[in-house]
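Raw contents of work-v5.cif, mmCIF, C-alpha atoms and all ligand atoms:
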```cif
data_structure
loop_
_atom_site.label_atom_id
_atom_site.label_comp_id
_atom_site.auth_asym_id
_atom_site.auth_seq_id
_atom_site.Cartn_x
_atom_site.Cartn_y
_atom_site.Cartn_z
CA MET A 23 -1.49 -44.54 7.23
CA PRO A 24 -4.48 -44.12 4.85
CA SER A 25 -4.87 -46.94 2.35
CA ASN A 26 -7.12 -45.32 -0.22
CA GLU A 27 -5.51 -44.41 -3.54
CA LEU A 28 -3.93 -40.96 -3.79
CA ASN A 29 -3.45 -39.75 -7.35
CA VAL A 30 -0.70 -37.18 -7.71
CA LEU A 31 -0.02 -35.22 -10.87
CA VAL A 32 3.40 -33.57 -11.06
CA ILE A 33 3.76 -30.68 -13.49
CA ASN A 34 7.35 -29.70 -14.13
CA SER A 35 8.09 -26.59 -16.14
CA SER A 36 11.76 -25.76 -15.56
CA ALA A 37 13.75 -25.69 -18.79
CA ARG A 38 16.50 -27.34 -16.76
CA GLN A 39 16.40 -31.11 -16.41
CA THR A 40 19.43 -31.17 -14.12
CA ASP A 41 20.14 -28.90 -11.15
CA SER A 42 16.59 -27.60 -11.22
CA VAL A 43 15.52 -26.32 -7.81
CA THR A 44 11.81 -26.64 -8.58
CA ARG A 45 12.15 -30.19 -9.92
CA ARG A 46 14.16 -31.15 -6.83
CA PHE A 47 11.65 -29.81 -4.30
CA ALA A 48 8.65 -31.11 -6.26
CA GLU A 49 10.31 -34.54 -6.02
CA GLU A 50 10.85 -34.05 -2.27
CA MET A 51 7.16 -33.16 -1.90
CA LEU A 52 6.29 -36.38 -3.68
CA THR A 53 8.61 -38.40 -1.43
CA GLU A 54 6.94 -36.88 1.65
CA LEU A 55 3.49 -37.70 0.29
CA ARG A 56 4.58 -41.29 -0.27
CA GLN A 57 5.70 -41.46 3.35
CA GLN A 58 2.31 -40.21 4.54
CA HIS A 59 0.25 -42.38 2.24
CA GLU A 60 0.31 -46.09 1.43
CA HIS A 61 -0.96 -46.01 -2.17
CA VAL A 62 0.29 -43.14 -4.24
CA THR A 63 -0.09 -43.18 -8.02
CA VAL A 64 2.00 -40.61 -9.82
CA THR A 65 1.65 -39.07 -13.25
CA GLN A 66 4.52 -36.92 -14.44
CA ARG A 67 3.87 -34.18 -16.98
CA ASN A 68 6.94 -32.34 -18.14
CA VAL A 69 5.45 -29.29 -19.82
CA ALA A 70 8.91 -27.87 -20.58
CA ASP A 71 9.08 -30.16 -23.61
CA ASN A 72 6.66 -30.08 -26.52
CA MET A 73 3.72 -28.28 -24.92
CA PRO A 74 1.88 -26.77 -27.90
CA PHE A 75 0.55 -23.22 -27.89
CA VAL A 76 -3.12 -22.89 -28.69
CA ASN A 77 -3.57 -21.75 -32.30
CA GLU A 78 -6.47 -20.69 -34.52
CA LYS A 79 -7.46 -24.27 -35.31
CA TRP A 80 -7.52 -25.09 -31.60
CA VAL A 81 -9.52 -21.98 -30.66
CA ASN A 82 -12.11 -22.65 -33.37
CA ALA A 83 -12.44 -26.28 -32.27
CA ASN A 84 -12.65 -25.37 -28.59
CA PHE A 85 -15.39 -22.79 -29.10
CA THR A 86 -17.46 -25.03 -31.35
CA PRO A 87 -20.15 -26.72 -29.21
CA ASP A 88 -19.24 -30.33 -28.53
CA ASP A 89 -22.18 -31.81 -30.48
CA GLN A 90 -21.31 -29.70 -33.56
CA ARG A 91 -17.61 -30.50 -33.71
CA SER A 92 -16.25 -31.96 -36.94
CA ALA A 93 -13.91 -34.95 -36.94
CA GLU A 94 -11.06 -32.46 -37.46
CA ASN A 95 -12.22 -30.29 -34.53
CA LYS A 96 -12.30 -33.41 -32.34
CA SER A 97 -8.88 -34.51 -33.39
CA THR A 98 -7.47 -31.00 -32.77
CA LEU A 99 -8.67 -31.20 -29.15
CA LEU A 100 -7.50 -34.74 -28.41
CA PHE A 101 -4.26 -33.76 -26.67
CA SER A 102 -5.92 -30.99 -24.69
CA ASN A 103 -8.66 -33.44 -23.66
CA SER A 104 -6.06 -35.90 -22.44
CA LEU A 105 -4.40 -33.18 -20.33
CA VAL A 106 -7.79 -32.28 -18.83
CA ASP A 107 -8.50 -35.96 -18.06
CA GLU A 108 -5.09 -36.28 -16.40
CA LEU A 109 -5.85 -33.25 -14.24
CA LYS A 110 -9.36 -34.44 -13.36
CA LEU A 111 -7.94 -37.74 -12.09
CA ALA A 112 -5.53 -36.04 -9.70
CA ASP A 113 -6.27 -35.60 -6.00
CA ILE A 114 -3.09 -33.60 -5.61
CA VAL A 115 -1.33 -31.48 -8.21
CA ILE A 116 2.29 -30.51 -7.60
CA ILE A 117 3.33 -27.64 -9.85
CA ALA A 118 7.03 -26.86 -10.11
CA ALA A 119 7.28 -23.29 -11.38
CA PRO A 120 10.51 -21.36 -11.72
CA LEU A 121 10.14 -17.60 -11.80
CA TYR A 122 11.02 -16.55 -15.36
CA ASN A 123 11.13 -12.82 -16.04
CA PHE A 124 8.87 -12.16 -13.05
CA GLY A 125 6.18 -14.58 -14.18
CA ILE A 126 5.62 -18.26 -14.95
CA PRO A 127 7.47 -20.08 -17.74
CA ALA A 128 5.77 -19.88 -21.14
CA SER A 129 5.53 -23.69 -21.15
CA LEU A 130 3.44 -23.65 -17.96
CA LYS A 131 1.19 -20.95 -19.41
CA ALA A 132 0.82 -23.12 -22.53
CA TRP A 133 -0.31 -26.04 -20.32
CA LEU A 134 -2.79 -23.80 -18.49
CA ASP A 135 -4.21 -22.65 -21.83
CA GLN A 136 -4.70 -26.32 -22.75
CA VAL A 137 -6.53 -27.22 -19.52
CA ALA A 138 -8.62 -24.09 -18.84
CA ARG A 139 -11.53 -25.32 -20.95
CA VAL A 140 -15.06 -23.95 -20.88
CA GLY A 141 -17.51 -26.76 -20.17
CA LEU A 142 -14.74 -29.03 -18.88
CA THR A 143 -12.84 -27.19 -16.16
CA PHE A 144 -14.92 -24.02 -15.80
CA ASN A 145 -18.30 -22.69 -16.83
CA TYR A 146 -19.84 -19.27 -17.21
CA THR A 147 -22.94 -18.78 -15.07
CA GLU A 148 -25.27 -15.88 -14.23
CA ASN A 149 -23.04 -15.25 -11.23
CA GLY A 150 -19.82 -15.27 -13.23
CA PRO A 151 -17.37 -18.06 -13.99
CA VAL A 152 -17.38 -21.20 -11.83
CA GLY A 153 -14.53 -23.71 -11.58
CA LEU A 154 -15.58 -27.29 -12.26
CA LEU A 155 -12.67 -29.18 -10.71
CA GLN A 156 -13.43 -30.37 -7.19
CA ASN A 157 -11.68 -31.81 -4.13
CA LYS A 158 -8.15 -31.11 -5.27
CA LYS A 159 -5.15 -29.63 -3.58
CA ALA A 160 -2.28 -27.94 -5.35
CA TYR A 161 1.25 -27.54 -4.09
CA VAL A 162 3.15 -24.97 -6.09
CA VAL A 163 6.93 -24.97 -5.75
CA ILE A 164 8.25 -21.59 -6.89
CA ALA A 165 11.96 -20.83 -7.12
CA SER A 166 13.60 -17.54 -7.93
CA GLY A 167 17.06 -16.03 -8.16
CA GLY A 168 16.89 -12.42 -6.98
CA THR A 169 13.16 -11.73 -6.82
CA GLN A 170 11.41 -12.19 -3.48
CA ILE A 171 8.47 -14.57 -3.88
CA GLY A 172 5.36 -12.82 -2.59
CA SER A 173 6.70 -9.34 -3.39
CA ASP A 174 4.98 -6.89 -5.74
CA ILE A 175 7.21 -7.97 -8.63
CA ASP A 176 6.44 -11.69 -8.29
CA PHE A 177 3.72 -12.05 -10.93
CA ALA A 178 3.72 -15.85 -10.69
CA SER A 179 2.28 -16.69 -7.24
CA ASP A 180 -0.94 -14.68 -7.36
CA TYR A 181 -1.49 -15.56 -10.99
CA LEU A 182 -1.20 -19.29 -10.26
CA ARG A 183 -3.51 -19.01 -7.25
CA HIS A 184 -6.01 -17.14 -9.40
CA ILE A 185 -6.01 -19.42 -12.43
CA LEU A 186 -6.10 -22.59 -10.30
CA GLY A 187 -9.06 -21.15 -8.36
CA PHE A 188 -10.69 -20.22 -11.65
CA ILE A 189 -10.80 -23.90 -12.66
CA GLY A 190 -11.90 -24.98 -9.16
CA ILE A 191 -8.64 -25.71 -7.36
CA ASN A 192 -8.99 -23.37 -4.39
CA ASP A 193 -6.79 -25.24 -1.96
CA VAL A 194 -3.38 -23.97 -3.08
CA ALA A 195 -0.20 -23.90 -0.99
CA ILE A 196 2.92 -22.16 -2.20
CA ILE A 197 6.27 -23.72 -1.32
CA SER A 198 8.65 -20.85 -1.67
CA ALA A 199 12.25 -21.39 -2.74
CA SER A 200 12.62 -17.65 -2.85
CA GLN A 201 16.07 -16.31 -3.81
CA PHE A 202 17.29 -19.87 -3.41
CA ASN A 203 20.95 -20.25 -2.60
CA GLU A 204 22.39 -23.75 -2.46
CA GLU A 205 25.28 -22.60 -0.27
CA ASN A 206 22.98 -21.30 2.45
CA GLU A 207 21.95 -24.50 4.20
CA GLN A 208 19.21 -22.72 6.14
CA THR A 209 17.27 -22.00 2.93
CA THR A 210 17.12 -25.73 2.17
CA VAL A 211 16.05 -26.51 5.74
CA ASN A 212 13.28 -23.90 5.51
CA ILE A 213 11.93 -25.39 2.29
CA ARG A 214 12.10 -28.94 3.70
CA ASN A 215 10.14 -27.77 6.75
CA GLN A 216 7.46 -26.23 4.53
CA ILE A 217 7.24 -29.48 2.56
CA SER A 218 6.99 -31.85 5.50
CA GLU A 219 4.41 -29.68 7.26
CA LEU A 220 2.24 -29.53 4.14
CA ALA A 221 2.61 -33.25 3.38
CA GLN A 222 1.33 -34.12 6.85
CA GLN A 223 -1.80 -32.06 6.23
CA ALA A 224 -2.23 -33.52 2.75
CA VAL A 225 -3.49 -36.92 3.79
CA ILE A 226 -7.01 -37.51 2.51
C1 LIG B 301 14.74 -17.39 -18.50
C2 LIG B 301 14.96 -17.13 -17.04
C3 LIG B 301 14.37 -16.03 -16.45
C4 LIG B 301 14.54 -15.79 -15.08
N1 LIG B 301 13.91 -14.73 -14.51
C5 LIG B 301 14.03 -14.53 -13.18
C6 LIG B 301 13.35 -13.45 -12.54
O1 LIG B 301 12.61 -12.69 -13.14
N2 LIG B 301 13.54 -13.29 -11.21
C7 LIG B 301 14.33 -14.12 -10.47
O2 LIG B 301 14.45 -13.94 -9.27
N3 LIG B 301 14.96 -15.17 -11.05
C8 LIG B 301 14.84 -15.38 -12.37
N4 LIG B 301 15.47 -16.45 -12.94
C9 LIG B 301 16.19 -17.39 -12.07
C10 LIG B 301 15.34 -18.60 -11.75
O3 LIG B 301 14.08 -18.26 -11.22
C11 LIG B 301 16.05 -19.50 -10.74
O4 LIG B 301 17.30 -19.89 -11.29
C12 LIG B 301 15.23 -20.74 -10.41
O5 LIG B 301 15.99 -21.56 -9.53
C13 LIG B 301 14.89 -21.50 -11.67
O6 LIG B 301 14.18 -22.69 -11.37
P1 LIG B 301 14.86 -24.12 -11.63
O7 LIG B 301 16.06 -24.15 -10.71
O8 LIG B 301 13.83 -25.09 -11.28
O9 LIG B 301 15.28 -24.17 -13.07
C14 LIG B 301 15.33 -16.68 -14.30
C15 LIG B 301 15.93 -17.78 -14.92
C16 LIG B 301 15.75 -18.00 -16.28
C17 LIG B 301 16.39 -19.23 -16.90
#
```
File written out as structure tokens:
Amino acid sequence: MPSNELNVLVINSSARQTDSVTRRFAEEMLTELRQQHEHVTVTQRNVADNMPFVNEKWVNANFTPDDQRSAENKSTLLFSNSLVDELKLADIVIIAAPLYNFGIPASLKAWLDQVARVGLTFNYTENGPVGLLQNKKAYVVIASGGTQIGSDIDFASDYLRHILGFIGINDVAIISASQFNEENEQTTVNIRNQISELAQQAVI
């Protein structure tokens, strides 16, 4: 069992605190990681509560070069900076993402808007944008009711893969709780199998 520290950031975005499928399987992923690894440090970020949308003040502060930012600009970016720092520290990011109206929850998009920061998590270069985050894995737990995850009308999976790659997280595995039905035991078994297989490969 590896003894080096494994930092795990868990991003929950279901509006439901209880009976949430994505929260449940994100937790199971975490439990599996703990079984595979001796020292796991966990940071929980529940974006479903109080994740601010970027506004004009934020945009102006963000696009002012760092060395020209006023005290107000700096204070506007403090929370966003802390979310970026939290993400930078993580070796593994578990994202629990329910499918809401064929896409990701607005709260998760709000978090992504806070952490996709030019100069911090990506840069523009002559060859196009380059993600600045390195050596991270993401496990994305996606649950849906009727929509098949991976189908043409699932606008969450590819989007999350794209935006995570954009900021440098290219190693992304989707744990699909597609059309999840509690009463069908096989669906739970399938998800558990996905989780334990991925957790065994996760050891770093
Ligand atoms: C606001 C809202 C929108 C939803 N939109 C969809 C949808 O477009 N497609 C779908 O299959 N399920 C949809 N669902 C069902 C959820 O994806 C499903 O209940 C999932 O388990 C939610 O994740 P959670 O259990 O972690 O809360 C929606 C649920 C809510 C609350």
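Nearest residue to A:Ile175, choosing from A:Asn123, A:Gln90, A:Thr98, A:Ser104 and counting only C-alpha atoms: A:Asn123.
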So that I can check the surroundings of stretch 25-32 of chain A, please list as a CSV table (one decimal) with C-alpha atoms, in the coordinates of the input every protein, DNA and RNA residue that reaches within 10 Å of it, counting only C-alpha atoms and ignoring chain neighbours fewer than 5 positions away.
```csv
chain,number,residue,atom,x,y,z
A,45,ARG,CA,12.2,-30.2,-9.9
A,48,ALA,CA,8.6,-31.1,-6.3
A,49,GLU,CA,10.3,-34.5,-6.0
A,51,MET,CA,7.2,-33.2,-1.9
A,52,LEU,CA,6.3,-36.4,-3.7
A,55,LEU,CA,3.5,-37.7,0.3
A,56,ARG,CA,4.6,-41.3,-0.3
A,59,HIS,CA,0.2,-42.4,2.2
A,60,GLU,CA,0.3,-46.1,1.4
A,61,HIS,CA,-1.0,-46.0,-2.2
A,62,VAL,CA,0.3,-43.1,-4.2
A,63,THR,CA,-0.1,-43.2,-8.0
A,64,VAL,CA,2.0,-40.6,-9.8
A,65,THR,CA,1.6,-39.1,-13.2
A,66,GLN,CA,4.5,-36.9,-14.4
A,67,ARG,CA,3.9,-34.2,-17.0
A,68,ASN,CA,6.9,-32.3,-18.1
A,69,VAL,CA,5.4,-29.3,-19.8
A,108,GLU,CA,-5.1,-36.3,-16.4
A,109,LEU,CA,-5.8,-33.2,-14.2
A,110,LYS,CA,-9.4,-34.4,-13.4
A,111,LEU,CA,-7.9,-37.7,-12.1
A,112,ALA,CA,-5.5,-36.0,-9.7
A,113,ASP,CA,-6.3,-35.6,-6.0
A,114,ILE,CA,-3.1,-33.6,-5.6
A,115,VAL,CA,-1.3,-31.5,-8.2
A,116,ILE,CA,2.3,-30.5,-7.6
A,117,ILE,CA,3.3,-27.6,-9.8
A,118,ALA,CA,7.0,-26.9,-10.1
A,158,LYS,CA,-8.2,-31.1,-5.3
A,159,LYS,CA,-5.2,-29.6,-3.6
A,160,ALA,CA,-2.3,-27.9,-5.4
A,161,TYR,CA,1.2,-27.5,-4.1
A,162,VAL,CA,3.2,-25.0,-6.1
A,225,VAL,CA,-3.5,-36.9,3.8
A,226,ILE,CA,-7.0,-37.5,2.5
```
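Taking all atoms listed in the file into account, the residues that come within 7 Å of ligand LIG 301 (chain B) are A:Ser36, A:Ala37, A:Arg38, A:Asp41, A:Ser42, A:Val43, A:Thr44, A:Arg45, A:Ala119, A:Pro120, A:Leu121, A:Tyr122, A:Asn123, A:Phe124, A:Gly125, A:Ala165, A:Ser166, A:Gly167, A:Gly168, A:Thr169, A:Gln170, A:Gln201, A:Phe202.
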May I have the residues from that selection written out with C-alpha atoms, as a compact mmCIF listing (two decimals), in the coordinates of the input?
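The resulting selection-v4.txt:
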```txt
# COMPACT_ATOMS: atom_id res chain seq x y z
CA SER A 36 11.76 -25.76 -15.56
CA ALA A 37 13.75 -25.69 -18.79
CA ARG A 38 16.50 -27.34 -16.76
CA ASP A 41 20.14 -28.90 -11.15
CA SER A 42 16.59 -27.60 -11.22
CA VAL A 43 15.52 -26.32 -7.81
CA THR A 44 11.81 -26.64 -8.58
CA ARG A 45 12.15 -30.19 -9.92
CA ALA A 119 7.28 -23.29 -11.38
CA PRO A 120 10.51 -21.36 -11.72
CA LEU A 121 10.14 -17.60 -11.80
CA TYR A 122 11.02 -16.55 -15.36
CA ASN A 123 11.13 -12.82 -16.04
CA PHE A 124 8.87 -12.16 -13.05
CA GLY A 125 6.18 -14.58 -14.18
CA ALA A 165 11.96 -20.83 -7.12
CA SER A 166 13.60 -17.54 -7.93
CA GLY A 167 17.06 -16.03 -8.16
CA GLY A 168 16.89 -12.42 -6.98
CA THR A 169 13.16 -11.73 -6.82
CA GLN A 170 11.41 -12.19 -3.48
CA GLN A 201 16.07 -16.31 -3.81
CA PHE A 202 17.29 -19.87 -3.41
```
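The interatomic distance for the pair atom CA of A:Ile191 and atom CA of A:Gln156 works out to 6.7 Å.
Every protein, DNA or RNA residue with an atom at most 8 Å from A:Gln136, where all atoms listed in the file count and chain neighbours fewer than 4 positions away do not, is listed here: Phe75, Val76, Ser102, Leu105, Val106 and Ala132 of chain A.
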Taking every listed atom of stretch 167-172 of chain A and adding 6 Å to each side, what centre and edge lengths in Å (one decimal) does the axis-aligned box have, as JSON?
```
{"center_x": 11.2, "center_y": -13.9, "center_z": -5.4, "size_x": 23.7, "size_y": 16.3, "size_z": 17.6}
```
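Of the listed residues (A:Asn77, A:Leu134, A:Phe47, A:Gln222), A:Phe47 comes nearest to A:Ile196; the distances count all atoms listed in the file.
Nearest to A:Ala138 of all the residues A:Asn34, A:Asn206, A:Ser179, A:Asn84 is A:Asn84, based on all atoms listed in the file.
Nearest to A:Asn215 of all the residues A:Arg46, A:Glu54, A:Met73, A:Asn149 is A:Glu54, based on all atoms listed in the file.
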Notebook entry, point to check: At most 8 Å from (5.8, -21.7, -24.3), file frame, all atoms listed in the file: which residues, as a list in words?
Noted result: Ala70, Met73, Pro74, Phe75, Pro127, Ala128, Ser129, Leu130, Lys131 and Ala132 of chain A
Note to self: When you count all atoms listed in the file, which of these residues is closest to A:Ser92: A:Lys79, A:Ser173, A:Val211, A:Phe144?
What the structure shows: A:Lys79
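The coordinates place atom CA of A:Leu154 at 23.3 Å from atom CA of A:Ser97.
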Item checked: Of the listed residues A:Asn95, A:Asn192, A:Thr147, A:Gln58, that which approaches A:Glu219 most closely, counting all atoms listed in the file -> A:Gln58
Item checked: Selection near A:Asp88, 12 Å with all atoms listed in the file, sequence-local residues under 5 positions removed, as an MDAnalysis selection string -> chainID A and resid 82:83 93 95:96 99 139:142
Can I get stretch 186-221 of chain A with N, CA and C atoms filled in, as a PDB file, in the coordinates of the input?
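Result file follows (result.pdb):
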```
ATOM      1  N   LEU A 186      -5.724 -21.281 -10.859  1.00  0.00           N
ATOM      2  CA  LEU A 186      -6.100 -22.590 -10.300  1.00  0.00           C
ATOM      3  C   LEU A 186      -7.490 -22.480  -9.650  1.00  0.00           C
ATOM      4  N   GLY A 187      -7.733 -21.375  -8.952  1.00  0.00           N
ATOM      5  CA  GLY A 187      -9.060 -21.150  -8.360  1.00  0.00           C
ATOM      6  C   GLY A 187     -10.125 -21.033  -9.438  1.00  0.00           C
ATOM      7  N   PHE A 188      -9.755 -20.409 -10.536  1.00  0.00           N
ATOM      8  CA  PHE A 188     -10.690 -20.220 -11.650  1.00  0.00           C
ATOM      9  C   PHE A 188     -11.218 -21.559 -12.176  1.00  0.00           C
ATOM     10  N   ILE A 189     -10.340 -22.580 -12.175  1.00  0.00           N
ATOM     11  CA  ILE A 189     -10.800 -23.900 -12.660  1.00  0.00           C
ATOM     12  C   ILE A 189     -11.252 -24.801 -11.500  1.00  0.00           C
ATOM     13  N   GLY A 190     -11.301 -24.244 -10.290  1.00  0.00           N
ATOM     14  CA  GLY A 190     -11.900 -24.980  -9.160  1.00  0.00           C
ATOM     15  C   GLY A 190     -10.908 -25.499  -8.139  1.00  0.00           C
ATOM     16  N   ILE A 191      -9.621 -25.243  -8.352  1.00  0.00           N
ATOM     17  CA  ILE A 191      -8.640 -25.710  -7.360  1.00  0.00           C
ATOM     18  C   ILE A 191      -8.347 -24.532  -6.419  1.00  0.00           C
ATOM     19  N   ASN A 192      -9.094 -24.516  -5.313  1.00  0.00           N
ATOM     20  CA  ASN A 192      -8.990 -23.370  -4.390  1.00  0.00           C
ATOM     21  C   ASN A 192      -8.009 -23.613  -3.248  1.00  0.00           C
ATOM     22  N   ASP A 193      -7.703 -24.886  -3.038  1.00  0.00           N
ATOM     23  CA  ASP A 193      -6.790 -25.240  -1.960  1.00  0.00           C
ATOM     24  C   ASP A 193      -5.364 -25.255  -2.526  1.00  0.00           C
ATOM     25  N   VAL A 194      -4.704 -24.109  -2.442  1.00  0.00           N
ATOM     26  CA  VAL A 194      -3.380 -23.970  -3.080  1.00  0.00           C
ATOM     27  C   VAL A 194      -2.367 -23.537  -2.018  1.00  0.00           C
ATOM     28  N   ALA A 195      -1.290 -24.295  -1.902  1.00  0.00           N
ATOM     29  CA  ALA A 195      -0.200 -23.900  -0.990  1.00  0.00           C
ATOM     30  C   ALA A 195       1.046 -23.619  -1.811  1.00  0.00           C
ATOM     31  N   ILE A 196       1.688 -22.520  -1.483  1.00  0.00           N
ATOM     32  CA  ILE A 196       2.920 -22.160  -2.200  1.00  0.00           C
ATOM     33  C   ILE A 196       4.120 -22.604  -1.354  1.00  0.00           C
ATOM     34  N   ILE A 197       4.998 -23.374  -1.962  1.00  0.00           N
ATOM     35  CA  ILE A 197       6.270 -23.720  -1.320  1.00  0.00           C
ATOM     36  C   ILE A 197       7.311 -22.803  -1.937  1.00  0.00           C
ATOM     37  N   SER A 198       7.817 -21.913  -1.115  1.00  0.00           N
ATOM     38  CA  SER A 198       8.650 -20.850  -1.670  1.00  0.00           C
ATOM     39  C   SER A 198      10.136 -21.158  -1.538  1.00  0.00           C
ATOM     40  N   ALA A 199      10.774 -21.314  -2.709  1.00  0.00           N
ATOM     41  CA  ALA A 199      12.250 -21.390  -2.740  1.00  0.00           C
ATOM     42  C   ALA A 199      12.726 -20.040  -3.258  1.00  0.00           C
ATOM     43  N   SER A 200      12.361 -19.034  -2.476  1.00  0.00           N
ATOM     44  CA  SER A 200      12.620 -17.650  -2.850  1.00  0.00           C
ATOM     45  C   SER A 200      14.105 -17.357  -2.767  1.00  0.00           C
ATOM     46  N   GLN A 201      14.654 -16.725  -3.794  1.00  0.00           N
ATOM     47  CA  GLN A 201      16.070 -16.310  -3.810  1.00  0.00           C
ATOM     48  C   GLN A 201      16.946 -17.477  -3.349  1.00  0.00           C
ATOM     49  N   PHE A 202      16.653 -18.652  -3.899  1.00  0.00           N
ATOM     50  CA  PHE A 202      17.290 -19.870  -3.410  1.00  0.00           C
ATOM     51  C   PHE A 202      18.800 -19.843  -3.610  1.00  0.00           C
ATOM     52  N   ASN A 203      19.497 -20.224  -2.554  1.00  0.00           N
ATOM     53  CA  ASN A 203      20.950 -20.250  -2.600  1.00  0.00           C
ATOM     54  C   ASN A 203      21.439 -21.550  -1.985  1.00  0.00           C
ATOM     55  N   GLU A 204      21.933 -22.401  -2.857  1.00  0.00           N
ATOM     56  CA  GLU A 204      22.390 -23.750  -2.460  1.00  0.00           C
ATOM     57  C   GLU A 204      23.366 -23.693  -1.282  1.00  0.00           C
ATOM     58  N   GLU A 205      24.220 -22.655  -1.284  1.00  0.00           N
ATOM     59  CA  GLU A 205      25.280 -22.600  -0.270  1.00  0.00           C
ATOM     60  C   GLU A 205      24.759 -22.220   1.124  1.00  0.00           C
ATOM     61  N   ASN A 206      23.558 -21.647   1.154  1.00  0.00           N
ATOM     62  CA  ASN A 206      22.980 -21.300   2.450  1.00  0.00           C
ATOM     63  C   ASN A 206      22.081 -22.444   2.908  1.00  0.00           C
ATOM     64  N   GLU A 207      22.645 -23.273   3.793  1.00  0.00           N
ATOM     65  CA  GLU A 207      21.950 -24.500   4.200  1.00  0.00           C
ATOM     66  C   GLU A 207      20.570 -24.204   4.809  1.00  0.00           C
ATOM     67  N   GLN A 208      20.464 -23.060   5.468  1.00  0.00           N
ATOM     68  CA  GLN A 208      19.210 -22.720   6.140  1.00  0.00           C
ATOM     69  C   GLN A 208      18.053 -22.599   5.138  1.00  0.00           C
ATOM     70  N   THR A 209      18.354 -22.143   3.909  1.00  0.00           N
ATOM     71  CA  THR A 209      17.270 -22.000   2.930  1.00  0.00           C
ATOM     72  C   THR A 209      16.689 -23.375   2.582  1.00  0.00           C
ATOM     73  N   THR A 210      17.593 -24.364   2.462  1.00  0.00           N
ATOM     74  CA  THR A 210      17.120 -25.730   2.170  1.00  0.00           C
ATOM     75  C   THR A 210      16.303 -26.271   3.341  1.00  0.00           C
ATOM     76  N   VAL A 211      16.774 -26.031   4.549  1.00  0.00           N
ATOM     77  CA  VAL A 211      16.050 -26.510   5.740  1.00  0.00           C
ATOM     78  C   VAL A 211      14.654 -25.879   5.778  1.00  0.00           C
ATOM     79  N   ASN A 212      14.581 -24.583   5.488  1.00  0.00           N
ATOM     80  CA  ASN A 212      13.280 -23.900   5.510  1.00  0.00           C
ATOM     81  C   ASN A 212      12.299 -24.520   4.517  1.00  0.00           C
ATOM     82  N   ILE A 213      12.809 -24.819   3.321  1.00  0.00           N
ATOM     83  CA  ILE A 213      11.930 -25.390   2.290  1.00  0.00           C
ATOM     84  C   ILE A 213      11.475 -26.788   2.712  1.00  0.00           C
ATOM     85  N   ARG A 214      12.441 -27.578   3.244  1.00  0.00           N
ATOM     86  CA  ARG A 214      12.100 -28.940   3.700  1.00  0.00           C
ATOM     87  C   ARG A 214      11.027 -28.892   4.779  1.00  0.00           C
ATOM     88  N   ASN A 215      11.139 -27.907   5.678  1.00  0.00           N
ATOM     89  CA  ASN A 215      10.140 -27.770   6.750  1.00  0.00           C
ATOM     90  C   ASN A 215       8.763 -27.456   6.162  1.00  0.00           C
ATOM     91  N   GLN A 216       8.745 -26.555   5.189  1.00  0.00           N
ATOM     92  CA  GLN A 216       7.460 -26.230   4.530  1.00  0.00           C
ATOM     93  C   GLN A 216       6.853 -27.500   3.939  1.00  0.00           C
ATOM     94  N   ILE A 217       7.717 -28.283   3.250  1.00  0.00           N
ATOM     95  CA  ILE A 217       7.240 -29.480   2.560  1.00  0.00           C
ATOM     96  C   ILE A 217       6.700 -30.508   3.539  1.00  0.00           C
ATOM     97  N   SER A 218       7.446 -30.777   4.619  1.00  0.00           N
ATOM     98  CA  SER A 218       6.990 -31.850   5.500  1.00  0.00           C
ATOM     99  C   SER A 218       5.724 -31.432   6.257  1.00  0.00           C
ATOM    100  N   GLU A 219       5.631 -30.163   6.589  1.00  0.00           N
ATOM    101  CA  GLU A 219       4.410 -29.680   7.260  1.00  0.00           C
ATOM    102  C   GLU A 219       3.190 -29.845   6.344  1.00  0.00           C
ATOM    103  N   LEU A 220       3.364 -29.448   5.088  1.00  0.00           N
ATOM    104  CA  LEU A 220       2.240 -29.530   4.140  1.00  0.00           C
ATOM    105  C   LEU A 220       1.872 -30.982   3.850  1.00  0.00           C
ATOM    106  N   ALA A 221       2.886 -31.839   3.714  1.00  0.00           N
ATOM    107  CA  ALA A 221       2.610 -33.250   3.380  1.00  0.00           C
ATOM    108  C   ALA A 221       1.811 -33.916   4.488  1.00  0.00           C
TER     109      ALA A 221
END
```
